[in-house]
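Peer 1: Just so it is clear, I am handing over query.json, which has JSON, C-alpha atoms.
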[["chain", "number", "residue", "atom", "x", "y", "z"],
["D", 263, "TYR", "CA", 0.36, 22.77, -6.10],
["D", 264, "SER", "CA", 2.07, 26.10, -5.54],
["D", 265, "GLU", "CA", 4.94, 26.76, -3.17],
["D", 266, "THR", "CA", 2.49, 28.43, -0.79],
["D", 267, "ALA", "CA", 0.21, 25.38, -0.83],
["D", 268, "ARG", "CA", 3.19, 23.06, -0.37],
["D", 269, "ASN", "CA", 4.41, 25.02, 2.65],
["D", 270, "ARG", "CA", 0.95, 25.06, 4.23],
["D", 271, "MET", "CA", 0.56, 21.36, 3.57],
["D", 272, "GLU", "CA", 3.82, 20.71, 5.40],
["D", 273, "ASP", "CA", 2.62, 22.87, 8.30],
["D", 274, "MET", "CA", -0.66, 20.96, 8.43],
["D", 275, "ILE", "CA", 0.80, 17.44, 8.31],
["D", 276, "ARG", "CA", 4.08, 17.89, 10.18],
["D", 277, "ASP", "CA", 3.00, 20.46, 12.76],
["D", 278, "SER", "CA", -0.77, 19.80, 13.02],
["D", 279, "ASP", "CA", -1.30, 23.47, 12.19],
["D", 280, "ASN", "CA", -5.05, 24.11, 12.35],
["D", 281, "ALA", "CA", -4.75, 27.46, 10.56],
["D", 282, "ALA", "CA", -3.13, 25.66, 7.61],
["D", 283, "ALA", "CA", -5.90, 23.03, 7.61],
["D", 284, "ASN", "CA", -8.54, 25.76, 7.58],
["D", 285, "TRP", "CA", -6.70, 27.46, 4.69],
["D", 286, "PHE", "CA", -7.20, 24.33, 2.57],
["D", 287, "ILE", "CA", -10.83, 23.93, 3.66],
["D", 288, "ARG", "CA", -11.46, 27.53, 2.64],
["D", 289, "LEU", "CA", -9.61, 27.03, -0.65],
["D", 290, "ILE", "CA", -11.87, 24.11, -1.60],
["D", 291, "GLY", "CA", -15.01, 26.06, -0.71],
["D", 292, "GLY", "CA", -15.73, 25.35, 2.95],
["D", 293, "PRO", "CA", -16.55, 22.32, 5.09],
["D", 294, "ALA", "CA", -19.61, 21.26, 3.08],
["D", 295, "ALA", "CA", -17.64, 21.38, -0.18],
["D", 296, "VAL", "CA", -14.83, 19.29, 1.31],
["D", 297, "GLN", "CA", -17.36, 16.76, 2.62],
["D", 298, "ARG", "CA", -19.00, 16.45, -0.82],
["D", 299, "LEU", "CA", -15.66, 16.06, -2.58],
["D", 300, "LEU", "CA", -14.43, 13.34, -0.23],
["D", 301, "SER", "CA", -17.75, 11.49, -0.18],
["D", 302, "ARG", "CA", -17.98, 11.53, -3.97],
["D", 303, "ASN", "CA", -14.41, 10.46, -4.70],
["D", 304, "TYR", "CA", -13.27, 8.56, -1.60],
["D", 305, "GLY", "CA", -16.48, 7.41, 0.06],
["D", 306, "GLY", "CA", -15.26, 3.82, 0.07],
["D", 307, "ILE", "CA", -12.24, 4.81, 2.16],
["D", 308, "LEU", "CA", -13.65, 7.55, 4.39],
["D", 309, "GLN", "CA", -16.93, 5.85, 5.20],
["D", 310, "ASP", "CA", -17.38, 7.45, 8.63],
["D", 311, "PHE", "CA", -15.70, 10.79, 7.95],
["D", 312, "LEU", "CA", -17.73, 13.89, 8.83],
["D", 313, "LEU", "CA", -16.54, 17.48, 8.34],
["D", 314, "VAL", "CA", -19.14, 20.00, 9.46],
["D", 315, "GLU", "CA", -17.07, 23.04, 10.44],
["D", 316, "TYR", "CA", -13.74, 24.77, 10.18],
["D", 317, "ILE", "CA", -11.37, 23.70, 12.95],
["D", 318, "PRO", "CA", -12.23, 26.09, 15.80],
["D", 319, "PRO", "CA", -9.64, 27.71, 18.09],
["D", 320, "ASN", "CA", -8.07, 24.96, 20.20],
["D", 321, "GLY", "CA", -10.28, 22.41, 18.38],
["D", 322, "ARG", "CA", -12.77, 22.47, 21.21],
["D", 323, "THR", "CA", -16.15, 21.70, 19.66],
["D", 324, "TYR", "CA", -15.27, 18.13, 18.61],
["D", 325, "ARG", "CA", -17.91, 18.03, 15.87],
["D", 326, "ASN", "CA", -15.65, 16.84, 13.02],
["D", 327, "LYS", "CA", -15.24, 13.06, 13.11],
["D", 328, "ALA", "CA", -13.42, 10.11, 11.54],
["D", 329, "SER", "CA", -13.14, 6.48, 12.56],
["D", 330, "VAL", "CA", -10.21, 4.16, 13.14],
["D", 331, "HIS", "CA", -11.46, 2.16, 10.16],
["D", 332, "ASP", "CA", -11.24, 5.31, 8.03],
["D", 333, "TYR", "CA", -7.60, 5.73, 9.06],
["D", 334, "SER", "CA", -6.84, 2.08, 8.34],
["D", 335, "ARG", "CA", -8.42, 2.20, 4.89],
["D", 336, "PHE", "CA", -6.63, 5.47, 4.11],
["D", 337, "LEU", "CA", -3.20, 4.11, 5.08],
["D", 338, "TYR", "CA", -3.75, 0.90, 3.13],
["D", 339, "ALA", "CA", -4.77, 2.90, 0.05],
["D", 340, "LEU", "CA", -1.74, 5.15, 0.50],
["D", 341, "TRP", "CA", 0.70, 2.25, 0.64],
["D", 342, "SER", "CA", -1.03, 0.61, -2.33],
["D", 343, "ARG", "CA", -0.64, 3.86, -4.33],
["D", 344, "ALA", "CA", -4.42, 4.01, -4.73],
["D", 345, "LEU", "CA", -4.54, 7.70, -3.79],
["D", 346, "PRO", "CA", -3.62, 10.60, -6.06],
["D", 347, "SER", "CA", -0.15, 11.97, -5.33],
["D", 348, "SER", "CA", 0.59, 9.07, -2.99],
["D", 349, "ALA", "CA", 4.33, 9.76, -3.21],
["D", 350, "GLU", "CA", 3.84, 13.35, -2.09],
["D", 351, "ILE", "CA", 1.56, 12.31, 0.77],
["D", 352, "LYS", "CA", 4.20, 9.84, 1.94],
["D", 353, "ARG", "CA", 6.85, 12.57, 1.74],
["D", 354, "LEU", "CA", 4.72, 14.83, 3.90],
["D", 355, "MET", "CA", 4.04, 12.09, 6.44],
["D", 356, "SER", "CA", 7.76, 11.23, 6.62],
["D", 357, "LEU", "CA", 8.89, 14.77, 7.47],
["D", 358, "PRO", "CA", 10.94, 14.81, 10.71],
["D", 359, "LYS", "CA", 8.78, 15.45, 13.76],
["D", 360, "ARG", "CA", 8.12, 14.22, 17.28],
["D", 361, "ASP", "CA", 5.65, 11.36, 16.89],
["D", 362, "ARG", "CA", 4.41, 8.50, 19.10],
["D", 363, "LEU", "CA", 5.05, 5.48, 16.90],
["D", 364, "TYR", "CA", 8.80, 5.94, 16.40],
["D", 365, "SER", "CA", 10.14, 8.80, 18.53],
["D", 366, "GLY", "CA", 10.77, 7.40, 21.99],
["D", 367, "ALA", "CA", 9.16, 4.06, 21.15],
["D", 368, "GLN", "CA", 11.42, 1.57, 22.92],
["D", 369, "GLY", "CA", 12.55, -1.29, 20.70],
["D", 370, "VAL", "CA", 11.79, 0.41, 17.37],
["D", 371, "PRO", "CA", 15.24, 0.71, 15.73],
["D", 372, "PRO", "CA", 16.49, 3.86, 13.99],
["D", 373, "GLU", "CA", 16.54, 2.29, 10.52],
["D", 374, "THR", "CA", 12.74, 1.86, 10.60],
["D", 375, "GLU", "CA", 10.91, 3.96, 8.01],
["D", 376, "ILE", "CA", 7.96, 5.96, 9.34],
["D", 377, "TYR", "CA", 5.03, 7.71, 7.63],
["D", 378, "SER", "CA", 2.77, 9.14, 10.31],
["D", 379, "LYS", "CA", 0.32, 11.79, 11.45],
["D", 380, "THR", "CA", -0.21, 12.79, 15.06],
["D", 381, "GLY", "CA", -3.25, 14.45, 16.57],
["D", 382, "THR", "CA", -4.04, 15.73, 20.06],
["D", 383, "THR", "CA", -6.93, 17.48, 21.77],
["D", 384, "SER", "CA", -7.88, 17.60, 25.44],
["D", 385, "ARG", "CA", -10.11, 14.57, 24.74],
["D", 386, "LEU", "CA", -8.04, 12.60, 22.25],
["D", 387, "CYS", "CA", -4.43, 11.53, 21.83],
["D", 388, "ALA", "CA", -3.61, 9.74, 18.60],
["D", 389, "ASP", "CA", -0.96, 8.74, 16.12],
["D", 390, "ILE", "CA", -1.51, 6.78, 12.93],
["D", 391, "GLY", "CA", 1.08, 5.57, 10.49],
["D", 392, "ILE", "CA", 2.87, 3.04, 8.37],
["D", 393, "LEU", "CA", 6.18, 1.73, 9.69],
["D", 394, "VAL", "CA", 8.58, -0.31, 7.58],
["D", 395, "ALA", "CA", 10.78, -2.69, 9.56],
["D", 396, "ARG", "CA", 14.01, -3.84, 7.93],
["D", 397, "ARG", "CA", 15.43, -7.28, 8.64],
["D", 398, "GLY", "CA", 19.17, -7.98, 8.63],
["D", 399, "ASP", "CA", 19.05, -9.40, 5.11],
["D", 400, "GLY", "CA", 17.50, -6.17, 3.86],
["D", 401, "LYS", "CA", 13.95, -7.46, 3.46],
["D", 402, "ARG", "CA", 11.31, -4.86, 4.35],
["D", 403, "TYR", "CA", 8.14, -5.48, 6.34],
["D", 404, "PRO", "CA", 5.62, -2.62, 6.26],
["D", 405, "TYR", "CA", 2.79, -2.53, 8.79],
["D", 406, "ILE", "CA", 0.10, -0.16, 10.03],
["D", 407, "VAL", "CA", -0.21, 1.08, 13.60],
["D", 408, "ILE", "CA", -3.20, 3.15, 14.70],
["D", 409, "GLY", "CA", -3.16, 4.41, 18.27],
["D", 410, "VAL", "CA", -6.19, 6.40, 19.42],
["D", 411, "ILE", "CA", -7.00, 7.09, 23.07],
["D", 412, "GLN", "CA", -10.17, 9.03, 23.88],
["D", 413, "LYS", "CA", -12.02, 10.26, 26.94],
["D", 414, "GLY", "CA", -15.51, 11.63, 27.41],
["D", 415, "ARG", "CA", -14.51, 14.89, 29.09],
["D", 416, "SER", "CA", -11.64, 17.29, 28.60],
["D", 417, "ALA", "CA", -8.46, 16.52, 30.52],
["D", 418, "ASN", "CA", -7.66, 18.76, 33.47],
["D", 419, "SER", "CA", -4.05, 19.05, 32.34],
["D", 420, "TYR", "CA", -3.63, 18.98, 28.58],
["D", 421, "PHE", "CA", 0.14, 18.46, 28.69],
["D", 422, "ASP", "CA", 0.01, 15.65, 31.27],
["D", 423, "TRP", "CA", -2.72, 13.95, 29.24],
["D", 424, "MET", "CA", -0.72, 14.30, 26.02],
["D", 425, "GLN", "CA", 2.48, 12.97, 27.58],
["D", 426, "ASP", "CA", 0.95, 10.08, 29.52],
["D", 427, "ARG", "CA", -1.28, 8.79, 26.73],
["D", 428, "GLY", "CA", 1.42, 9.42, 24.14],
["D", 429, "ASP", "CA", 3.74, 7.15, 26.12],
["D", 430, "VAL", "CA", 1.06, 4.43, 26.10],
["D", 431, "ILE", "CA", 0.94, 4.60, 22.30],
["D", 432, "ARG", "CA", 4.76, 4.43, 22.19],
["D", 433, "ARG", "CA", 4.74, 1.27, 24.31],
["D", 434, "VAL", "CA", 2.15, -0.34, 22.04],
["D", 435, "SER", "CA", 4.20, 0.60, 18.97],
["D", 436, "GLY", "CA", 7.21, -1.11, 20.54],
["D", 437, "MET", "CA", 5.11, -4.21, 21.19],
["D", 438, "VAL", "CA", 3.95, -4.30, 17.58],
["D", 439, "TYR", "CA", 7.53, -4.06, 16.31],
["D", 440, "GLU", "CA", 8.48, -6.90, 18.66],
["D", 441, "GLU", "CA", 5.71, -9.05, 17.18],
["D", 442, "ILE", "CA", 6.81, -8.24, 13.62],
["D", 443, "SER", "CA", 10.37, -9.16, 14.57],
["D", 444, "ARG", "CA", 9.29, -12.44, 16.16],
["D", 445, "ARG", "CA", 6.94, -13.40, 13.35],
["D", 446, "HIS", "CA", 9.59, -12.90, 10.68],
["D", 447, "HIS", "CA", 12.56, -14.25, 12.63],
["D", 448, "PHE", "CA", 14.63, -11.07, 12.74],
["D", 449, "GLU", "CA", 16.92, -12.69, 15.30],
["D", 450, "ASP", "CA", 18.12, -15.16, 12.64],
["D", 451, "PHE", "CA", 19.64, -12.32, 10.60],
["D", 452, "ASP", "CA", 22.21, -9.70, 11.41],
["D", 453, "SER", "CA", 23.56, -6.52, 9.85],
["D", 454, "ARG", "CA", 26.31, -8.38, 7.99],
["D", 455, "SER", "CA", 23.75, -9.60, 5.45],
["D", 456, "ALA", "CA", 22.04, -6.22, 5.03],
["D", 457, "GLY", "CA", 21.37, -5.14, 1.47],
["D", 458, "LEU", "CA", 21.45, -8.66, 0.05],
["D", 459, "ALA", "CA", 18.77, -10.85, -1.46],
["D", 460, "GLU", "CA", 15.25, -9.47, -1.39],
["D", 461, "GLY", "CA", 16.08, -6.08, 0.10],
["D", 462, "GLY", "CA", 17.26, -4.64, -3.19],
["D", 463, "GLY", "CA", 14.36, -5.92, -5.27],
["D", 464, "LYS", "CA", 11.71, -3.83, -6.98],
["D", 465, "ASN", "CA", 8.68, -5.70, -5.68],
["D", 466, "LYS", "CA", 6.68, -3.69, -3.19],
["D", 467, "PRO", "CA", 6.33, -5.58, 0.11],
["D", 468, "SER", "CA", 2.79, -6.36, 1.21],
["D", 469, "LEU", "CA", 1.32, -4.45, 4.12],
["D", 470, "GLN", "CA", 0.68, -6.38, 7.33],
["D", 471, "MET", "CA", -1.98, -6.05, 9.99],
["D", 472, "ILE", "CA", -1.10, -7.04, 13.56],
["D", 473, "ARG", "CA", -3.66, -7.49, 16.33],
["D", 474, "LEU", "CA", -2.58, -7.21, 19.92],
["D", 475, "GLY", "CA", -4.65, -8.22, 22.92],
["D", 476, "LEU", "CA", -4.22, -5.48, 25.55]]
Would you put the structure from the file into structure tokens?

Peer 2:
Amino acid sequence: YSETARNRMEDMIRDSDNAAANWFIRLIGGPAAVQRLLSRNYGGILQDFLLVEYIPPNGRTYRNKASVHDYSRFLYALWSRALPSSAEIKRLMSLPKRDRLYSGAQGVPPETEIYSKTGTTSRLCADIGILVARRGDGKRYPYIVIGVIQKGRSANSYFDWMQDRGDVIRRVSGMVYEEISRRHHFEDFDSRSAGLAEGGGKNKPSLQMIRLGL
């Protein structure tokens, strides 16, 4: 993991840099080699993943695929430290950036931890991540949010599509945080008790799954 690879990895995860992603695909031996490696070692996680080509200019062929279930299994494995270099992956996904689960998500407080990856094309607007809510007594509640909005044809205005659908994902993220807060009685605690009791313990909090009817 050289400095060059580290910098390109940061570009790929933080900035969604397609050139950096293609650099890694080329380093491994091409799309078919990446597909074989992932299927052989992580087929139980990436069950629907399909990489058939380098990412083309502007990502416009839409032939590479992954499912929401793939994302969910990946994030769960990441939080459970079941992936190699899980700590480094979390560092990369926590790098400051403009996302759709935390940035501008009304009701998600600033002390919330966030590990996320955004993605946008003219047919898809998405953000996936693990958020860790902190109650007033310091107890942490990690949970997964996966927001993916797709359409069959390319949007007429890429930037309007990205902004409008991104705001939908932000609203859903705020709703999920509200449900976490309600379920675990955040209103019964305040900042005066922060850092006490369970918040300073070494036990890793269990990951939660929330379903919202929209």

Peer 1: Neighbouring residues of Arg362 (chain D) were defined as those with any atom within 10 Å, considering all atoms listed in the file; residues of the same chain fewer than 3 positions away were excluded. Please report them as a count of residues only.

Peer 2: 23

Peer 1: Write out as CSV the residues of region 347-426 of chain D that have any atom within 12 Å of an atom of region 313-328 of chain D, one row each with the nearest atom pair and its distance in Å to one decimal, counting all atoms listed in the file, sorted by chain and then rising number.

Peer 2:
residue,atom,partner,partner_atom,distance
D:Gly381,CA,D:Gly321,CA,10.8
D:Thr382,CA,D:Gly321,CA,9.3
D:Thr383,CA,D:Gly321,CA,6.9
D:Ser384,CA,D:Arg322,CA,8.1
D:Arg385,CA,D:Tyr324,CA,8.8
D:Leu386,CA,D:Tyr324,CA,9.8
D:Val410,CA,D:Ala328,CA,11.3
D:Gln412,CA,D:Tyr324,CA,11.7
D:Lys413,CA,D:Tyr324,CA,11.9
D:Gly414,CA,D:Tyr324,CA,10.9
D:Arg415,CA,D:Tyr324,CA,11.0
D:Ser416,CA,D:Arg322,CA,9.1
D:Ala417,CA,D:Arg322,CA,11.9
D:Tyr420,CA,D:Asn320,CA,11.2

Peer 1: Write a file of the just-selected residues containing C-alpha atoms, as a CSV table (one decimal), keeping the file's coordinate frame.

Peer 2:
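That gives us result_18.csv:
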chain,number,residue,atom,x,y,z
D,381,GLY,CA,-3.2,14.4,16.6
D,382,THR,CA,-4.0,15.7,20.1
D,383,THR,CA,-6.9,17.5,21.8
D,384,SER,CA,-7.9,17.6,25.4
D,385,ARG,CA,-10.1,14.6,24.7
D,386,LEU,CA,-8.0,12.6,22.2
D,410,VAL,CA,-6.2,6.4,19.4
D,412,GLN,CA,-10.2,9.0,23.9
D,413,LYS,CA,-12.0,10.3,26.9
D,414,GLY,CA,-15.5,11.6,27.4
D,415,ARG,CA,-14.5,14.9,29.1
D,416,SER,CA,-11.6,17.3,28.6
D,417,ALA,CA,-8.5,16.5,30.5
D,420,TYR,CA,-3.6,19.0,28.6

Peer 1: Which one is closest to Gly400 (chain D): D:Tyr338, D:Tyr439, D:Phe451, D:Phe286? Count only C-alpha atoms.

Peer 2: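 Closest to Gly400 (chain D), using only C-alpha atoms: D:Phe451.
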
Peer 1: Determine the nearest neighbour of Tyr405 (chain D) from the options D:Arg288, D:Ile392, D:Pro346, D:Val330, counting only C-alpha atoms.

Peer 2: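 The shortest atom-to-atom distance to Tyr405 (chain D) comes from D:Ile392.
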
Peer 1: Excluding Thr374 (chain D) and any residue of its chain fewer than 3 positions from it, enumerate the residues within 6 Å of it, using all atoms listed in the file, and give them as a list in words.

Peer 2: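 My reading of the contact set: Pro371, Val394 and Ala395 of chain D.
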
Peer 1: Using Å and a single decimal, report how far CA of Ala267 (chain D) sits from CA of Ile406 (chain D).

Peer 2: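 CA of Ile406 (chain D) sits 27.8 Å away from CA of Ala267 (chain D).
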
Peer 1: Quick one: distance from CA of His331 (chain D) to CA of Pro372 (chain D) in Å, one decimal?

Peer 2: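 Between CA of His331 (chain D) and CA of Pro372 (chain D) the gap works out to 28.3 Å.
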
Peer 1: Which residue, D:Ser334, D:Ser356, D:Gln368, D:Ser443, has the smallest gap to Arg397 (chain D) when you use all atoms listed in the file?

Peer 2: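 Counting all atoms listed in the file, the residue closest to Arg397 (chain D) is D:Ser443.
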
Peer 1: Pick out the closest residue to Glu440 (chain D) from this set: D:Phe311, D:Gly369, D:Tyr333, D:Tyr304. Count all atoms listed in the file.

Peer 2: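 Among D:Phe311, D:Gly369, D:Tyr333, D:Tyr304, it is D:Gly369 that comes nearest to Glu440 (chain D).
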
Peer 1: May I ask for the distance between CA of Arg396 (chain D) and CA of Arg276 (chain D), given in Å to one decimal place?

Peer 2: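 Taking CA of Arg396 (chain D) as the start and CA of Arg276 (chain D) as the end point, the length is 24.0 Å.
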
Peer 1: Counting only C-alpha atoms, figure out which residue out of D:Ser329, D:Ser342, D:Ser419, D:Ser301 gets nearest to Pro404 (chain D).

Peer 2: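 Of all the options, D:Ser342 lies closest to Pro404 (chain D).
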
Peer 1: For region 411-446 of chain D, which lacks atoms in the input, supply N, CA and C atoms and format the output as a JSON list (two decimals), in the frame of the given file.

Peer 2:
[["chain", "number", "residue", "atom", "x", "y", "z"],
["D", 411, "ILE", "N", -6.50, 7.15, 21.70],
["D", 411, "ILE", "CA", -7.00, 7.09, 23.07],
["D", 411, "ILE", "C", -7.93, 8.27, 23.28],
["D", 412, "GLN", "N", -9.17, 7.99, 23.70],
["D", 412, "GLN", "CA", -10.17, 9.03, 23.88],
["D", 412, "GLN", "C", -10.72, 9.04, 25.30],
["D", 413, "LYS", "N", -11.29, 10.17, 25.68],
["D", 413, "LYS", "CA", -12.02, 10.26, 26.94],
["D", 413, "LYS", "C", -13.26, 11.12, 26.72],
["D", 414, "GLY", "N", -14.24, 10.95, 27.59],
["D", 414, "GLY", "CA", -15.51, 11.63, 27.41],
["D", 414, "GLY", "C", -15.49, 13.11, 27.76],
["D", 415, "ARG", "N", -14.60, 13.49, 28.68],
["D", 415, "ARG", "CA", -14.51, 14.89, 29.09],
["D", 415, "ARG", "C", -13.09, 15.39, 28.89],
["D", 416, "SER", "N", -12.96, 16.70, 28.83],
["D", 416, "SER", "CA", -11.64, 17.29, 28.60],
["D", 416, "SER", "C", -10.72, 17.03, 29.78],
["D", 417, "ALA", "N", -9.46, 16.76, 29.48],
["D", 417, "ALA", "CA", -8.46, 16.52, 30.52],
["D", 417, "ALA", "C", -8.22, 17.79, 31.34],
["D", 418, "ASN", "N", -7.96, 17.60, 32.61],
["D", 418, "ASN", "CA", -7.66, 18.76, 33.47],
["D", 418, "ASN", "C", -6.34, 19.39, 33.08],
["D", 419, "SER", "N", -5.36, 18.55, 32.76],
["D", 419, "SER", "CA", -4.05, 19.05, 32.34],
["D", 419, "SER", "C", -3.76, 18.51, 30.95],
["D", 420, "TYR", "N", -3.84, 19.39, 29.96],
["D", 420, "TYR", "CA", -3.63, 18.98, 28.58],
["D", 420, "TYR", "C", -2.27, 18.35, 28.38],
["D", 421, "PHE", "N", -1.22, 18.94, 28.93],
["D", 421, "PHE", "CA", 0.14, 18.46, 28.69],
["D", 421, "PHE", "C", 0.40, 17.13, 29.40],
["D", 422, "ASP", "N", -0.14, 16.95, 30.60],
["D", 422, "ASP", "CA", 0.01, 15.65, 31.27],
["D", 422, "ASP", "C", -0.73, 14.56, 30.49],
["D", 423, "TRP", "N", -1.93, 14.89, 30.04],
["D", 423, "TRP", "CA", -2.72, 13.95, 29.24],
["D", 423, "TRP", "C", -1.97, 13.57, 27.97],
["D", 424, "MET", "N", -1.44, 14.55, 27.26],
["D", 424, "MET", "CA", -0.72, 14.30, 26.02],
["D", 424, "MET", "C", 0.51, 13.44, 26.26],
["D", 425, "GLN", "N", 1.25, 13.73, 27.32],
["D", 425, "GLN", "CA", 2.48, 12.97, 27.58],
["D", 425, "GLN", "C", 2.17, 11.55, 28.04],
["D", 426, "ASP", "N", 1.25, 11.40, 28.98],
["D", 426, "ASP", "CA", 0.95, 10.08, 29.52],
["D", 426, "ASP", "C", 0.36, 9.16, 28.46],
["D", 427, "ARG", "N", -0.64, 9.64, 27.74],
["D", 427, "ARG", "CA", -1.28, 8.79, 26.73],
["D", 427, "ARG", "C", -0.37, 8.59, 25.53],
["D", 428, "GLY", "N", 0.45, 9.60, 25.21],
["D", 428, "GLY", "CA", 1.42, 9.42, 24.14],
["D", 428, "GLY", "C", 2.41, 8.32, 24.46],
["D", 429, "ASP", "N", 2.81, 8.21, 25.72],
["D", 429, "ASP", "CA", 3.74, 7.15, 26.12],
["D", 429, "ASP", "C", 3.08, 5.77, 26.03],
["D", 430, "VAL", "N", 1.78, 5.70, 26.28],
["D", 430, "VAL", "CA", 1.06, 4.43, 26.10],
["D", 430, "VAL", "C", 1.13, 3.99, 24.63],
["D", 431, "ILE", "N", 0.88, 4.92, 23.72],
["D", 431, "ILE", "CA", 0.94, 4.60, 22.30],
["D", 431, "ILE", "C", 2.36, 4.17, 21.91],
["D", 432, "ARG", "N", 3.37, 4.82, 22.47],
["D", 432, "ARG", "CA", 4.76, 4.43, 22.19],
["D", 432, "ARG", "C", 5.03, 3.00, 22.65],
["D", 433, "ARG", "N", 4.52, 2.64, 23.82],
["D", 433, "ARG", "CA", 4.74, 1.27, 24.31],
["D", 433, "ARG", "C", 4.06, 0.25, 23.40],
["D", 434, "VAL", "N", 2.85, 0.57, 22.94],
["D", 434, "VAL", "CA", 2.15, -0.34, 22.04],
["D", 434, "VAL", "C", 2.90, -0.47, 20.72],
["D", 435, "SER", "N", 3.43, 0.65, 20.21],
["D", 435, "SER", "CA", 4.20, 0.60, 18.97],
["D", 435, "SER", "C", 5.41, -0.31, 19.13],
["D", 436, "GLY", "N", 6.08, -0.23, 20.28],
["D", 436, "GLY", "CA", 7.21, -1.11, 20.54],
["D", 436, "GLY", "C", 6.79, -2.57, 20.58],
["D", 437, "MET", "N", 5.61, -2.84, 21.14],
["D", 437, "MET", "CA", 5.11, -4.21, 21.19],
["D", 437, "MET", "C", 4.81, -4.75, 19.79],
["D", 438, "VAL", "N", 4.26, -3.87, 18.95],
["D", 438, "VAL", "CA", 3.95, -4.30, 17.58],
["D", 438, "VAL", "C", 5.24, -4.62, 16.83],
["D", 439, "TYR", "N", 6.25, -3.76, 16.98],
["D", 439, "TYR", "CA", 7.53, -4.06, 16.31],
["D", 439, "TYR", "C", 8.10, -5.39, 16.81],
["D", 440, "GLU", "N", 7.99, -5.64, 18.10],
["D", 440, "GLU", "CA", 8.48, -6.90, 18.66],
["D", 440, "GLU", "C", 7.77, -8.09, 18.03],
["D", 441, "GLU", "N", 6.46, -7.97, 17.80],
["D", 441, "GLU", "CA", 5.71, -9.05, 17.18],
["D", 441, "GLU", "C", 6.12, -9.24, 15.73],
["D", 442, "ILE", "N", 6.33, -8.14, 15.00],
["D", 442, "ILE", "CA", 6.81, -8.24, 13.62],
["D", 442, "ILE", "C", 8.16, -8.95, 13.59],
["D", 443, "SER", "N", 9.04, -8.56, 14.49],
["D", 443, "SER", "CA", 10.37, -9.16, 14.57],
["D", 443, "SER", "C", 10.30, -10.65, 14.87],
["D", 444, "ARG", "N", 9.43, -11.03, 15.80],
["D", 444, "ARG", "CA", 9.29, -12.44, 16.16],
["D", 444, "ARG", "C", 8.69, -13.23, 15.02],
["D", 445, "ARG", "N", 7.65, -12.68, 14.40],
["D", 445, "ARG", "CA", 6.94, -13.40, 13.35],
["D", 445, "ARG", "C", 7.83, -13.68, 12.15],
["D", 446, "HIS", "N", 8.75, -12.77, 11.86],
["D", 446, "HIS", "CA", 9.59, -12.90, 10.68],
["D", 446, "HIS", "C", 11.05, -13.24, 11.01]]
